[in-house]
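Shown below: structure_13.pdb, with PDB, C-alpha atoms.
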ATOM      1  CA  MET A   3     -75.022  15.987  84.708  1.00  0.00           C
ATOM      2  CA  PRO A   4     -77.338  14.131  82.527  1.00  0.00           C
ATOM      3  CA  GLN A   5     -75.082  14.179  79.439  1.00  0.00           C
ATOM      4  CA  ILE A   6     -72.398  12.227  81.206  1.00  0.00           C
ATOM      5  CA  ALA A   7     -74.926   9.648  82.428  1.00  0.00           C
ATOM      6  CA  GLN A   8     -75.994   8.984  78.849  1.00  0.00           C
ATOM      7  CA  LEU A   9     -72.454   8.592  77.634  1.00  0.00           C
ATOM      8  CA  GLY A  10     -72.328   4.836  78.336  1.00  0.00           C
ATOM      9  CA  GLU A  11     -75.527   4.126  76.427  1.00  0.00           C
ATOM     10  CA  VAL A  12     -74.649   6.356  73.455  1.00  0.00           C
ATOM     11  CA  TYR A  13     -71.064   5.224  73.446  1.00  0.00           C
ATOM     12  CA  ALA A  14     -71.980   1.556  73.316  1.00  0.00           C
ATOM     13  CA  SER A  15     -74.456   2.191  70.485  1.00  0.00           C
ATOM     14  CA  GLN A  16     -71.879   4.169  68.480  1.00  0.00           C
ATOM     15  CA  LEU A  17     -69.271   1.461  68.978  1.00  0.00           C
ATOM     16  CA  PHE A  18     -71.791  -1.132  67.792  1.00  0.00           C
ATOM     17  CA  TRP A  19     -72.577   0.740  64.583  1.00  0.00           C
ATOM     18  CA  LEU A  20     -68.865   1.499  64.051  1.00  0.00           C
ATOM     19  CA  PHE A  21     -68.123  -2.241  64.142  1.00  0.00           C
ATOM     20  CA  VAL A  22     -71.096  -2.955  61.876  1.00  0.00           C
ATOM     21  CA  PHE A  23     -70.000  -0.449  59.209  1.00  0.00           C
ATOM     22  CA  PHE A  24     -66.310  -1.356  59.430  1.00  0.00           C
ATOM     23  CA  GLY A  25     -67.268  -5.018  59.185  1.00  0.00           C
ATOM     24  CA  ALA A  26     -69.427  -4.284  56.114  1.00  0.00           C
ATOM     25  CA  ILE A  27     -66.668  -2.218  54.541  1.00  0.00           C
ATOM     26  CA  PHE A  28     -64.161  -4.986  55.307  1.00  0.00           C
ATOM     27  CA  LEU A  29     -66.426  -7.598  53.769  1.00  0.00           C
ATOM     28  CA  VAL A  30     -67.167  -5.542  50.639  1.00  0.00           C
ATOM     29  CA  ILE A  31     -63.701  -4.118  50.041  1.00  0.00           C
ATOM     30  CA  GLY A  32     -61.396  -6.625  51.757  1.00  0.00           C
ATOM     31  CA  LEU A  33     -63.078  -9.823  50.629  1.00  0.00           C
ATOM     32  CA  GLY A  34     -64.860  -8.610  47.494  1.00  0.00           C
ATOM     33  CA  MET A  35     -62.788  -5.973  45.768  1.00  0.00           C
ATOM     34  CA  LEU A  36     -59.249  -6.503  47.070  1.00  0.00           C
ATOM     35  CA  PRO A  37     -58.823 -10.030  45.647  1.00  0.00           C
ATOM     36  CA  LYS A  38     -59.933  -8.774  42.218  1.00  0.00           C
ATOM     37  CA  ILE A  39     -57.521  -5.840  42.405  1.00  0.00           C
ATOM     38  CA  GLN A  40     -54.722  -8.113  43.634  1.00  0.00           C
ATOM     39  CA  SER A  41     -55.330 -10.606  40.810  1.00  0.00           C
ATOM     40  CA  THR A  42     -55.277  -7.724  38.291  1.00  0.00           C
ATOM     41  CA  VAL A  43     -51.996  -6.445  39.751  1.00  0.00           C
ATOM     42  CA  ASP A  44     -50.529  -9.973  39.741  1.00  0.00           C
ATOM     43  CA  SER A  45     -51.586 -10.608  36.149  1.00  0.00           C
ATOM     44  CA  ARG A  46     -50.186  -7.219  35.148  1.00  0.00           C
ATOM     45  CA  ASP A  47     -46.902  -8.023  36.879  1.00  0.00           C
ATOM     46  CA  ALA A  48     -46.822 -11.398  35.152  1.00  0.00           C
ATOM     47  CA  GLN A  49     -47.570  -9.766  31.780  1.00  0.00           C
ATOM     48  CA  ILE A  50     -44.817  -7.180  32.331  1.00  0.00           C
ATOM     49  CA  ALA A  51     -42.363  -9.922  33.308  1.00  0.00           C
ATOM     50  CA  ALA A  52     -43.328 -11.933  30.204  1.00  0.00           C
ATOM     51  CA  ASP A  53     -42.989  -8.854  28.021  1.00  0.00           C
ATOM     52  CA  LEU A  54     -39.569  -8.071  29.524  1.00  0.00           C
ATOM     53  CA  LYS A  55     -38.489 -11.665  28.945  1.00  0.00           C
ATOM     54  CA  ALA A  56     -39.751 -11.524  25.353  1.00  0.00           C
ATOM     55  CA  ALA A  57     -38.004  -8.173  24.837  1.00  0.00           C
ATOM     56  CA  GLU A  58     -34.769  -9.622  26.239  1.00  0.00           C
ATOM     57  CA  GLY A  59     -35.086 -12.584  23.870  1.00  0.00           C
ATOM     58  CA  ALA A  60     -35.785 -10.247  20.950  1.00  0.00           C
ATOM     59  CA  ARG A  61     -32.772  -8.112  21.891  1.00  0.00           C
ATOM     60  CA  GLU A  62     -30.551 -11.198  22.029  1.00  0.00           C
ATOM     61  CA  ALA A  63     -31.903 -12.354  18.660  1.00  0.00           C
ATOM     62  CA  ALA A  64     -31.299  -8.877  17.219  1.00  0.00           C
ATOM     63  CA  ASP A  65     -27.748  -8.903  18.620  1.00  0.00           C
ATOM     64  CA  ARG A  66     -27.153 -12.319  17.031  1.00  0.00           C
ATOM     65  CA  LEU A  67     -28.572 -11.131  13.718  1.00  0.00           C
ATOM     66  CA  GLU A  68     -26.478  -7.995  13.865  1.00  0.00           C
ATOM     67  CA  GLU A  69     -23.326 -10.027  14.530  1.00  0.00           C
ATOM     68  CA  GLU A  70     -24.192 -12.396  11.658  1.00  0.00           C
ATOM     69  CA  TYR A  71     -24.819  -9.362   9.450  1.00  0.00           C
ATOM     70  CA  ARG A  72     -21.448  -7.885  10.402  1.00  0.00           C
ATOM     71  CA  ILE A  73     -19.710 -11.179   9.677  1.00  0.00           C
ATOM     72  CA  ALA A  74     -21.505 -11.460   6.319  1.00  0.00           C
ATOM     73  CA  MET A  75     -20.604  -7.851   5.465  1.00  0.00           C
ATOM     74  CA  ASP A  76     -16.954  -8.464   6.379  1.00  0.00           C
ATOM     75  CA  LYS A  77     -16.928 -11.555   4.150  1.00  0.00           C
ATOM     76  CA  SER A  78     -18.591  -9.598   1.344  1.00  0.00           C
ATOM     77  CA  ARG A  79     -16.079  -6.769   1.674  1.00  0.00           C
ATOM     78  CA  ALA A  80     -13.186  -9.244   1.613  1.00  0.00           C
ATOM     79  CA  GLU A  81     -14.653 -10.960  -1.452  1.00  0.00           C
ATOM     80  CA  ALA A  82     -15.197  -7.613  -3.174  1.00  0.00           C
ATOM     81  CA  ALA A  83     -11.606  -6.584  -2.403  1.00  0.00           C
ATOM     82  CA  ARG A  84     -10.346  -9.913  -3.753  1.00  0.00           C
ATOM     83  CA  LEU A  85     -12.425  -9.562  -6.936  1.00  0.00           C
ATOM     84  CA  ALA A  86     -11.251  -5.963  -7.372  1.00  0.00           C
ATOM     85  CA  ALA A  87      -7.622  -7.073  -6.985  1.00  0.00           C
ATOM     86  CA  GLU A  88      -8.141  -9.860  -9.530  1.00  0.00           C
ATOM     87  CA  ALA A  89      -9.778  -7.445 -11.967  1.00  0.00           C
ATOM     88  CA  LYS A  90      -6.943  -4.993 -11.422  1.00  0.00           C
ATOM     89  CA  ASP A  91      -4.372  -7.726 -12.120  1.00  0.00           C
ATOM     90  CA  LYS A  92      -6.227  -8.821 -15.260  1.00  0.00           C
ATOM     91  CA  ALA A  93      -6.458  -5.229 -16.460  1.00  0.00           C
ATOM     92  CA  ALA A  94      -2.750  -4.687 -15.752  1.00  0.00           C
ATOM     93  CA  LYS A  95      -1.835  -7.839 -17.686  1.00  0.00           C
ATOM     94  CA  ALA A  96      -4.085  -6.855 -20.584  1.00  0.00           C
ATOM     95  CA  THR A  97      -2.557  -3.379 -20.570  1.00  0.00           C
ATOM     96  CA  GLU A  98       0.947  -4.859 -20.522  1.00  0.00           C
ATOM     97  CA  LYS A  99       0.068  -7.072 -23.496  1.00  0.00           C
ATOM     98  CA  SER A 100      -1.413  -4.202 -25.484  1.00  0.00           C
ATOM     99  CA  VAL A 101       1.565  -1.973 -24.591  1.00  0.00           C
ATOM    100  CA  ALA A 102       3.989  -4.708 -25.691  1.00  0.00           C
ATOM    101  CA  LYS A 103       2.034  -5.183 -28.930  1.00  0.00           C
ATOM    102  CA  ALA A 104       1.969  -1.440 -29.543  1.00  0.00           C
ATOM    103  CA  ASP A 105       5.682  -1.266 -28.695  1.00  0.00           C
ATOM    104  CA  GLU A 106       6.385  -3.964 -31.295  1.00  0.00           C
ATOM    105  CA  GLY A 107       4.394  -2.039 -33.873  1.00  0.00           C
ATOM    106  CA  ILE A 108       6.172   1.195 -32.985  1.00  0.00           C
ATOM    107  CA  ASN A 109       9.591  -0.484 -33.155  1.00  0.00           C
ATOM    108  CA  LEU A 110       8.726  -2.001 -36.541  1.00  0.00           C
ATOM    109  CA  SER A 111       7.521   1.381 -37.826  1.00  0.00           C
ATOM    110  CA  LEU A 112      10.631   3.033 -36.378  1.00  0.00           C
ATOM    111  CA  ASP A 113      12.920   0.482 -38.100  1.00  0.00           C
ATOM    112  CA  GLN A 114      11.101   1.011 -41.392  1.00  0.00           C
ATOM    113  CA  ALA A 115      11.306   4.791 -40.990  1.00  0.00           C
ATOM    114  CA  LEU A 116      15.032   4.594 -40.155  1.00  0.00           C
ATOM    115  CA  ALA A 117      15.573   2.418 -43.256  1.00  0.00           C
ATOM    116  CA  ARG A 118      13.704   4.940 -45.428  1.00  0.00           C
ATOM    117  CA  ILE A 119      15.692   7.795 -43.862  1.00  0.00           C
ATOM    118  CA  GLY A 120      18.936   5.915 -44.587  1.00  0.00           C
ATOM    119  CA  GLU A 121      17.890   5.341 -48.194  1.00  0.00           C
ATOM    120  CA  ALA A 122      16.865   8.986 -48.532  1.00  0.00           C
ATOM    121  CA  ARG A 123      20.188  10.063 -47.000  1.00  0.00           C
ATOM    122  CA  GLN A 124      22.158   7.906 -49.455  1.00  0.00           C
ATOM    123  CA  ALA A 125      20.101   9.208 -52.348  1.00  0.00           C
ATOM    124  CA  ALA A 126      20.556  12.794 -51.173  1.00  0.00           C
ATOM    125  CA  GLN A 127      24.270  12.261 -50.673  1.00  0.00           C
ATOM    126  CA  GLY A 128      24.532  10.801 -54.193  1.00  0.00           C
ATOM    127  CA  GLU A 129      22.715  13.815 -55.588  1.00  0.00           C
ATOM    128  CA  ILE A 130      24.909  16.178 -53.557  1.00  0.00           C
ATOM    129  CA  GLU A 131      28.016  14.434 -54.920  1.00  0.00           C
ATOM    130  CA  ALA A 132      26.686  14.704 -58.469  1.00  0.00           C
ATOM    131  CA  VAL A 133      25.825  18.400 -58.067  1.00  0.00           C
ATOM    132  CA  ALA A 134      29.176  19.063 -56.358  1.00  0.00           C
ATOM    133  CA  ALA A 135      31.030  17.228 -59.166  1.00  0.00           C
ATOM    134  CA  GLU A 136      29.174  19.265 -61.813  1.00  0.00           C
ATOM    135  CA  ALA A 137      29.864  22.466 -59.896  1.00  0.00           C
ATOM    136  CA  ALA A 138      33.565  21.548 -59.562  1.00  0.00           C
ATOM    137  CA  GLN A 139      33.750  20.837 -63.294  1.00  0.00           C
ATOM    138  CA  ALA A 140      32.116  24.147 -64.099  1.00  0.00           C
ATOM    139  CA  MET A 141      34.424  26.076 -61.747  1.00  0.00           C
ATOM    140  CA  VAL A 142      37.593  24.451 -63.072  1.00  0.00           C
ATOM    141  CA  GLU A 143      36.435  25.138 -66.603  1.00  0.00           C
ATOM    142  CA  ARG A 144      35.745  28.775 -65.851  1.00  0.00           C
ATOM    143  CA  VAL A 145      38.709  29.453 -63.655  1.00  0.00           C
ATOM    144  CA  ALA A 146      41.401  27.393 -65.366  1.00  0.00           C
ATOM    145  CA  GLY A 147      39.725  26.930 -68.685  1.00  0.00           C
ATOM    146  CA  LEU A 148      40.361  23.160 -68.569  1.00  0.00           C
ATOM    147  CA  LYS A 149      37.939  20.406 -69.294  1.00  0.00           C
ATOM    148  CA  VAL A 150      37.675  17.888 -66.436  1.00  0.00           C
ATOM    149  CA  ASP A 151      36.413  14.366 -66.921  1.00  0.00           C
ATOM    150  CA  PRO A 152      33.084  13.880 -65.017  1.00  0.00           C
ATOM    151  CA  ALA A 153      34.381  10.650 -63.397  1.00  0.00           C
ATOM    152  CA  ALA A 154      37.539  12.425 -62.161  1.00  0.00           C
ATOM    153  CA  ALA A 155      35.441  15.273 -60.777  1.00  0.00           C
ATOM    154  CA  ARG A 156      33.193  12.789 -58.950  1.00  0.00           C
ATOM    155  CA  ALA A 157      36.207  10.964 -57.506  1.00  0.00           C
ATOM    156  CA  ALA A 158      37.729  14.232 -56.235  1.00  0.00           C
ATOM    157  CA  VAL A 159      34.439  15.327 -54.661  1.00  0.00           C
ATOM    158  CA  ALA A 160      33.958  11.899 -53.022  1.00  0.00           C
ATOM    159  CA  LYS A 161      37.531  12.049 -51.650  1.00  0.00           C
ATOM    160  CA  GLU A 162      36.908  15.492 -50.161  1.00  0.00           C
ATOM    161  CA  LEU A 163      33.562  14.498 -48.646  1.00  0.00           C
ATOM    162  CA  VAL A 164      35.141  11.449 -46.961  1.00  0.00           C
ATOM    163  CA  HIS A 165      38.093  13.399 -45.486  1.00  0.00           C
ATOM    164  CA  GLY A 166      36.126  16.493 -44.720  1.00  0.00           C
TER     165      GLY A 166
END

Encoded form (structure tokens):
Amino acid sequence: MPQIAQLGEVYASQLFWLFVFFGAIFLVIGLGMLPKIQSTVDSRDAQIAADLKAAEGAREAADRLEEEYRIAMDKSRAEAARLAAEAKDKAAKATEKSVAKADEGINLSLDQALARIGEARQAAQGEIEAVAAEAAQAMVERVAGLKVDPAAARAAVAKELVHG
């Protein structure tokens, strides 16, 4: 068969061109394009690593800042609580002073009022004694028809008021 006899010649020619094209592809892609792609991948990996390192540093800085902020806030809260307690103490002392001053004024007014009430009571009791003495005089005069001395009537009324 003639096709089989040609196989060696055609086969060798096909192998030759296969090596030529694969060699050209290897030269163009393997030596021309692959190093550029590899350098791009390497630079991208390096950029990602640098970005991750920078992000880690930024996270650590943020953590430090957050901790400093928390410490500052705790100090501020403690200071605010201390100031509030001081203000509360000052207000309590001022209130105590004003209450004591008002209490003094009230006690003074109460003493004055009690003195006026005592005076009014004595005056009222004197008037009651005088009215009672006049009434006793009038009753004795009407009932017994006797005239009683006003001083004696007052003494009798005073004696009765004391003994009840």

Can you tell me how far CA of Leu110 in chain A sits from CA of Lys95 in chain A, in Å to one decimal?
22.4 Å

Range 56-157 of chain A near range 43-52 of chain A within 12 Å: what's each residue's closest atom pair and its distance in Å to one decimal, counting only C-alpha atoms, ordered by chain then ascending residue number, as CSV?
residue,atom,partner,partner_atom,distance
A:Ala56,CA,A:Ala52,CA,6.0
A:Ala57,CA,A:Ala52,CA,8.4
A:Glu58,CA,A:Ala52,CA,9.7
A:Gly59,CA,A:Ala52,CA,10.4

Point out the residue among A:Ile108, A:Met141, A:Val164, A:Val150 with the least atom-to-atom distance to Gln127 in chain A, counting all atoms listed in the file.
A:Val164

Which distance in Å separates CA of Leu17 in chain A and CA of Leu29 in chain A, to one decimal?
17.9 Å

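Of note, CA of Phe23 in chain A and CA of Met35 in chain A are spaced 16.2 Å apart.
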
Which range 55-77 of chain A residues have any atom within 12 Å of an atom of range 82-93 of chain A, and for each, what is the nearest pair of atoms with distance in Å to one decimal, counting all atoms listed in the file, rows sorted by chain and number, as a tab-separated table?
residue	atom	partner	partner_atom	distance
A:Met75	CA	A:Ala82	CA	10.2
A:Asp76	CA	A:Ala82	CA	9.8
A:Lys77	CA	A:Ala82	CA	8.5

When distances are computed from only C-alpha atoms, which of A:Ala134, A:Gly128, A:Leu54, A:His165 shows the smallest separation from Pro152 in chain A?
A:Ala134

Could the centre and edge lengths of an axis-aligned box, enclosing all atoms of range 120-123 of chain A in the file with 8 Å extra on each side, be given in Å to one decimal as AutoDock Vina command-line options?
--center_x 18.5 --center_y 7.7 --center_z -46.6 --size_x 19.3 --size_y 20.7 --size_z 19.9

Which neighbours of Val159 in chain A fall inside 10 Å, counting only C-alpha atoms, when residues of the same chain fewer than 4 positions from it are skipped, and could you give them as a PyMOL selection string?
chain A and resi 130-138+153-155+163-164

Any chance you could build range 89-100 of chain A out to all heavy atoms and write it as a PDB file, in the coordinates of the input?
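Written output follows (out31.pdb):
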ATOM      1  N   ALA A  89      -9.453  -8.252 -10.784  1.00  0.00           N
ATOM      2  CA  ALA A  89      -9.778  -7.445 -11.967  1.00  0.00           C
ATOM      3  C   ALA A  89      -8.642  -6.475 -12.281  1.00  0.00           C
ATOM      4  O   ALA A  89      -8.303  -6.264 -13.456  1.00  0.00           O
ATOM      5  CB  ALA A  89     -11.085  -6.680 -11.743  1.00  0.00           C
ATOM      6  N   LYS A  90      -8.060  -5.919 -11.235  1.00  0.00           N
ATOM      7  CA  LYS A  90      -6.943  -4.993 -11.422  1.00  0.00           C
ATOM      8  C   LYS A  90      -5.755  -5.717 -12.047  1.00  0.00           C
ATOM      9  O   LYS A  90      -5.110  -5.199 -12.963  1.00  0.00           O
ATOM     10  CB  LYS A  90      -6.556  -4.410 -10.066  1.00  0.00           C
ATOM     11  CG  LYS A  90      -5.751  -3.164 -10.109  1.00  0.00           C
ATOM     12  CD  LYS A  90      -5.473  -2.698  -8.695  1.00  0.00           C
ATOM     13  CE  LYS A  90      -5.503  -1.220  -8.574  1.00  0.00           C
ATOM     14  NZ  LYS A  90      -5.191  -0.755  -7.231  1.00  0.00           N
ATOM     15  N   ASP A  91      -5.473  -6.936 -11.556  1.00  0.00           N
ATOM     16  CA  ASP A  91      -4.372  -7.726 -12.120  1.00  0.00           C
ATOM     17  C   ASP A  91      -4.648  -8.071 -13.577  1.00  0.00           C
ATOM     18  O   ASP A  91      -3.752  -7.966 -14.428  1.00  0.00           O
ATOM     19  CB  ASP A  91      -4.164  -9.011 -11.308  1.00  0.00           C
ATOM     20  CG  ASP A  91      -3.558  -8.746  -9.943  1.00  0.00           C
ATOM     21  OD1 ASP A  91      -3.003  -7.651  -9.748  1.00  0.00           O
ATOM     22  OD2 ASP A  91      -3.635  -9.651  -9.078  1.00  0.00           O
ATOM     23  N   LYS A  92      -5.878  -8.493 -13.872  1.00  0.00           N
ATOM     24  CA  LYS A  92      -6.227  -8.821 -15.260  1.00  0.00           C
ATOM     25  C   LYS A  92      -6.079  -7.597 -16.153  1.00  0.00           C
ATOM     26  O   LYS A  92      -5.560  -7.684 -17.269  1.00  0.00           O
ATOM     27  CB  LYS A  92      -7.656  -9.351 -15.336  1.00  0.00           C
ATOM     28  CG  LYS A  92      -7.816 -10.768 -14.834  1.00  0.00           C
ATOM     29  CD  LYS A  92      -9.258 -11.219 -14.957  1.00  0.00           C
ATOM     30  CE  LYS A  92      -9.446 -12.612 -14.362  1.00  0.00           C
ATOM     31  NZ  LYS A  92     -10.858 -13.023 -14.417  1.00  0.00           N
ATOM     32  N   ALA A  93      -6.563  -6.458 -15.667  1.00  0.00           N
ATOM     33  CA  ALA A  93      -6.458  -5.229 -16.460  1.00  0.00           C
ATOM     34  C   ALA A  93      -4.995  -4.849 -16.670  1.00  0.00           C
ATOM     35  O   ALA A  93      -4.607  -4.414 -17.764  1.00  0.00           O
ATOM     36  CB  ALA A  93      -7.216  -4.094 -15.773  1.00  0.00           C
ATOM     37  N   ALA A  94      -4.175  -5.014 -15.622  1.00  0.00           N
ATOM     38  CA  ALA A  94      -2.750  -4.687 -15.752  1.00  0.00           C
ATOM     39  C   ALA A  94      -2.080  -5.607 -16.768  1.00  0.00           C
ATOM     40  O   ALA A  94      -1.277  -5.155 -17.598  1.00  0.00           O
ATOM     41  CB  ALA A  94      -2.062  -4.799 -14.398  1.00  0.00           C
ATOM     42  N   LYS A  95      -2.418  -6.901 -16.724  1.00  0.00           N
ATOM     43  CA  LYS A  95      -1.835  -7.839 -17.686  1.00  0.00           C
ATOM     44  C   LYS A  95      -2.289  -7.515 -19.105  1.00  0.00           C
ATOM     45  O   LYS A  95      -1.488  -7.554 -20.047  1.00  0.00           O
ATOM     46  CB  LYS A  95      -2.204  -9.271 -17.313  1.00  0.00           C
ATOM     47  CG  LYS A  95      -1.470  -9.776 -16.085  1.00  0.00           C
ATOM     48  CD  LYS A  95      -1.897 -11.165 -15.700  1.00  0.00           C
ATOM     49  CE  LYS A  95      -1.194 -11.599 -14.414  1.00  0.00           C
ATOM     50  NZ  LYS A  95      -1.660 -12.907 -13.956  1.00  0.00           N
ATOM     51  N   ALA A  96      -3.575  -7.209 -19.256  1.00  0.00           N
ATOM     52  CA  ALA A  96      -4.085  -6.855 -20.584  1.00  0.00           C
ATOM     53  C   ALA A  96      -3.416  -5.580 -21.085  1.00  0.00           C
ATOM     54  O   ALA A  96      -3.055  -5.475 -22.271  1.00  0.00           O
ATOM     55  CB  ALA A  96      -5.598  -6.681 -20.534  1.00  0.00           C
ATOM     56  N   THR A  97      -3.225  -4.625 -20.196  1.00  0.00           N
ATOM     57  CA  THR A  97      -2.557  -3.379 -20.570  1.00  0.00           C
ATOM     58  C   THR A  97      -1.116  -3.648 -20.966  1.00  0.00           C
ATOM     59  O   THR A  97      -0.621  -3.088 -21.951  1.00  0.00           O
ATOM     60  CB  THR A  97      -2.622  -2.371 -19.398  1.00  0.00           C
ATOM     61  OG1 THR A  97      -3.984  -2.138 -19.073  1.00  0.00           O
ATOM     62  CG2 THR A  97      -1.966  -1.065 -19.768  1.00  0.00           C
ATOM     63  N   GLU A  98      -0.436  -4.508 -20.190  1.00  0.00           N
ATOM     64  CA  GLU A  98       0.947  -4.859 -20.522  1.00  0.00           C
ATOM     65  C   GLU A  98       1.021  -5.510 -21.900  1.00  0.00           C
ATOM     66  O   GLU A  98       1.917  -5.195 -22.692  1.00  0.00           O
ATOM     67  CB  GLU A  98       1.524  -5.802 -19.470  1.00  0.00           C
ATOM     68  CG  GLU A  98       1.861  -5.143 -18.155  1.00  0.00           C
ATOM     69  CD  GLU A  98       2.347  -6.138 -17.111  1.00  0.00           C
ATOM     70  OE1 GLU A  98       2.692  -7.285 -17.471  1.00  0.00           O
ATOM     71  OE2 GLU A  98       2.392  -5.760 -15.928  1.00  0.00           O
ATOM     72  N   LYS A  99       0.082  -6.422 -22.186  1.00  0.00           N
ATOM     73  CA  LYS A  99       0.068  -7.072 -23.496  1.00  0.00           C
ATOM     74  C   LYS A  99      -0.152  -6.063 -24.608  1.00  0.00           C
ATOM     75  O   LYS A  99       0.546  -6.089 -25.638  1.00  0.00           O
ATOM     76  CB  LYS A  99      -1.024  -8.146 -23.547  1.00  0.00           C
ATOM     77  CG  LYS A  99      -0.678  -9.402 -22.789  1.00  0.00           C
ATOM     78  CD  LYS A  99      -1.798 -10.422 -22.903  1.00  0.00           C
ATOM     79  CE  LYS A  99      -1.494 -11.670 -22.080  1.00  0.00           C
ATOM     80  NZ  LYS A  99      -2.590 -12.637 -22.133  1.00  0.00           N
ATOM     81  N   SER A 100      -1.133  -5.178 -24.426  1.00  0.00           N
ATOM     82  CA  SER A 100      -1.413  -4.202 -25.484  1.00  0.00           C
ATOM     83  C   SER A 100      -0.258  -3.210 -25.625  1.00  0.00           C
ATOM     84  O   SER A 100       0.062  -2.798 -26.750  1.00  0.00           O
ATOM     85  CB  SER A 100      -2.731  -3.475 -25.216  1.00  0.00           C
ATOM     86  OG  SER A 100      -2.671  -2.750 -24.010  1.00  0.00           O
TER      87      SER A 100
END
